[in-house]
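Asker: To start, I am sharing the structure in question, which I have written as structure tokens.
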Amino acid sequence: LAILAAPPFSTADQIALNTVQLEAIRSDSNFAAGWYYDAKPGFGPHRGLALARRMALLNYRSPAELNDRFSRTWQSQVSPITERGKYAVESYLDFHGNKFVRRFDANSYITLVGAMNSHDVARGRQSLEAALGTIQSKTLVLGLNTDRLFPLSGQQLIADHIGGELFGGELQVIDSEFGHDGFLIEIEEVGKRLQALIES
């Protein structure tokens with residue numbers, strides 16, 4: 001079993017951040033209480049969904065990476081101090097928010113975020129320790145040192161209570177500047193650990 005950058009349950013902090021994203025979608029006047037499928041092209045809850053995606057993206061990356069990558073640079077020669085200009089990081093969020101709405105549905109986003117909020121491996125299983133104790137597979141538990149979406153404390157809880165053999169004897173941590181997205185970006189580091197688990 002390989003558990004990569006995942007928590008044993010969604011914390012109050014994570015639920016709170018997700019709830020703000022859902023409110024961004026639901027407060028879009030074009031959301032129409034979820035009945036927007038008959039709207040003309042371009043008239044769905046795109047602004048709300050794009051804003052939700054922007055919020056989520058901030059949790060996927062680390063503060064250090066955003067600061068190193070964008071600093072306080074401007075998107076163009078127009079100063080962001082005026083109404084016409086933007087900081088580069090603003091443009092980055094805009095791009096990803098607008099790109100997301102072209103390939104994703106708002107109600108689907110709400111459903112997925114609701115499922116993430118409900119995540120709790122202990123539900124119906126006495127306790128977290130009891131639930132994790134039933135896992136007898138050899139298990140790799142892997143986290144990222146800059147993950148602010150699912151911090152290392154969650155993976156440490158899993159590693160501490162796995163019933164079977166913990167691969168490597170402890171929580172495996174990848175140092176990455178990319179935050180939660182590091183598990184998708186640090187291919188070599190993740191791949192090495194997965195290969196070692198499989199070959200063991």
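Here's how to read the names in the structure tokens: chain A, B, ... by the order shown, residue numbers from 1 in each chain, ligand numbers from 1 in the order shown.
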Running DSSP on the backbone, which parts of chain A land in strand (DSSP E or B), as a VMD selection string?
Answerer: chain A and resid 2 to 4 9 74 87 120 139 to 144 166 172 to 174
Asker: Quick one: everything within 7 Å of range 123-137 of chain A, counting only C-alpha atoms, minus sequence neighbours fewer than 4 positions away in the same chain. Send it as a list in words.
Answerer: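 The neighbour list is Leu1, Ile158, His161, Ile162, Gly163, Gly164 and Glu165 of chain A.
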Asker: Any chance you could export the current selection's N, CA, C and O atoms as a short mmCIF file (atom, residue, chain, number, x, y, z; two decimals), in the first residue's frame?
Answerer:
data_model
loop_
_atom_site.label_atom_id
_atom_site.label_comp_id
_atom_site.auth_asym_id
_atom_site.auth_seq_id
_atom_site.Cartn_x
_atom_site.Cartn_y
_atom_site.Cartn_z
N LEU A 1 0.85 -1.18 0.00
CA LEU A 1 0.00 0.00 0.00
C LEU A 1 0.89 1.24 0.00
O LEU A 1 1.89 1.27 0.72
N ILE A 158 -0.83 8.52 10.37
CA ILE A 158 -1.00 7.26 9.64
C ILE A 158 0.19 6.34 9.90
O ILE A 158 0.03 5.16 10.24
N HIS A 161 0.33 4.50 13.28
CA HIS A 161 -0.70 3.54 13.69
C HIS A 161 -1.01 2.45 12.66
O HIS A 161 -1.93 1.66 12.87
N ILE A 162 -0.24 2.39 11.57
CA ILE A 162 -0.43 1.31 10.59
C ILE A 162 -0.20 -0.03 11.29
O ILE A 162 0.77 -0.20 12.03
N GLY A 163 -1.11 -0.98 11.06
CA GLY A 163 -1.00 -2.29 11.71
C GLY A 163 0.09 -3.17 11.12
O GLY A 163 0.71 -3.96 11.83
N GLY A 164 0.32 -3.05 9.83
CA GLY A 164 1.33 -3.87 9.17
C GLY A 164 2.70 -3.22 9.19
O GLY A 164 2.93 -2.24 9.91
N GLU A 165 3.59 -3.76 8.37
CA GLU A 165 4.96 -3.24 8.32
C GLU A 165 4.97 -1.86 7.66
O GLU A 165 4.41 -1.66 6.58
#
Asker: Would you please give, as number ranges by chain, all residues of chain A that DSSP assigns to helix (DSSP H, G or I) based on the backbone?
Answerer: A: 12-26, 29-34, 46-60, 63-70, 88-101, 106-117, 128-133, 152-161, 167-169, 179-185, 187-199
Asker: Tell me, counting only C-alpha atoms, for each residue of range 20-81 of chain A within 8 Å of range 180-188 of chain A, which pair of atoms is nearest and how far apart they are in Å to one decimal, in rows ordered by chain and increasing number, as CSV.
Answerer:
residue,atom,partner,partner_atom,distance
A:Asn59,CA,A:His180,CA,7.4
A:Tyr60,CA,A:His180,CA,4.8
A:Arg61,CA,A:His180,CA,6.0
A:Ser62,CA,A:His180,CA,7.6
Asker: Set the distance at 9 Å and use only C-alpha atoms: which residues neighbour Leu93 in chain A once local chain neighbours fewer than 5 positions away are removed? I'd like the list as a list in words.
Answerer: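 Selected residues are Ala50, Leu51, Arg53, Arg54, Met55, Leu57, Leu58, Ala88 and Asn98 of chain A.
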Asker: Can those selected residues be exported to a file as a tab-separated table (two decimals), in the first residue's frame so that it contains N, CA and C atoms?
Answerer:
chain	number	residue	atom	x	y	z
A	50	ALA	N	-14.07	29.72	-11.13
A	50	ALA	CA	-12.68	30.18	-11.31
A	50	ALA	C	-12.11	30.70	-9.99
A	51	LEU	N	-12.92	31.40	-9.22
A	51	LEU	CA	-12.46	31.90	-7.93
A	51	LEU	C	-12.18	30.75	-6.97
A	53	ARG	N	-11.23	27.78	-7.78
A	53	ARG	CA	-9.99	27.16	-8.24
A	53	ARG	C	-8.77	27.98	-7.82
A	54	ARG	N	-8.89	29.30	-7.88
A	54	ARG	CA	-7.79	30.15	-7.44
A	54	ARG	C	-7.48	29.90	-5.97
A	55	MET	N	-8.52	29.82	-5.16
A	55	MET	CA	-8.34	29.55	-3.73
A	55	MET	C	-7.67	28.21	-3.50
A	57	LEU	N	-5.77	26.55	-5.50
A	57	LEU	CA	-4.39	26.55	-6.00
A	57	LEU	C	-3.42	27.09	-4.95
A	58	LEU	N	-3.87	28.01	-4.14
A	58	LEU	CA	-3.01	28.54	-3.08
A	58	LEU	C	-2.66	27.47	-2.06
A	88	ALA	N	2.34	39.61	-11.07
A	88	ALA	CA	2.49	38.38	-11.85
A	88	ALA	C	1.75	37.22	-11.20
A	98	ASN	N	-9.28	30.53	-15.00
A	98	ASN	CA	-10.02	30.58	-16.26
A	98	ASN	C	-9.84	29.31	-17.10
Asker: Which residue, A:Ser118, A:Ser91, A:Asn145, A:Ser29, has the smallest gap to Trp74 in chain A when you use only C-alpha atoms?
Answerer: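 For Trp74 in chain A, the nearest of the candidates is A:Ser91.
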Asker: Can you tell me, as a list in words, what residues are no more than 9 Å from Gln156 in chain A when counting only C-alpha atoms, ignoring any on the same chain fewer than 5 positions away?
Answerer: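 Selected residues are Val141, Gly143, His161, Glu170 and Leu171 of chain A.
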Asker: Need to verify the contact set: range 35-39 of chain A, 12 Å, only C-alpha atoms, exclusion of same-chain residues closer than 6 positions in sequence. Can you return it as number ranges by chain?
Answerer: A: 25-26, 28-29, 45-46, 105-107
Asker: Could you write out the selected residues, including C-alpha atoms, as a PDB file, in the first residue's frame?
Answerer:
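The resulting file, out_13.pdb, is reproduced below:
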ATOM      1  CA  ILE A  25     -19.406  29.046  -6.511  1.00  0.00           C
ATOM      2  CA  ARG A  26     -22.805  29.277  -4.844  1.00  0.00           C
ATOM      3  CA  ASP A  28     -22.152  33.413  -8.372  1.00  0.00           C
ATOM      4  CA  SER A  29     -25.476  34.774  -9.665  1.00  0.00           C
ATOM      5  CA  PRO A  45     -21.185  30.014 -12.819  1.00  0.00           C
ATOM      6  CA  HIS A  46     -17.750  30.498 -14.365  1.00  0.00           C
ATOM      7  CA  ASP A 105     -18.371  21.565 -13.990  1.00  0.00           C
ATOM      8  CA  ALA A 106     -19.351  23.594 -10.918  1.00  0.00           C
ATOM      9  CA  ASN A 107     -21.763  21.022  -9.474  1.00  0.00           C
TER      10      ASN A 107
END
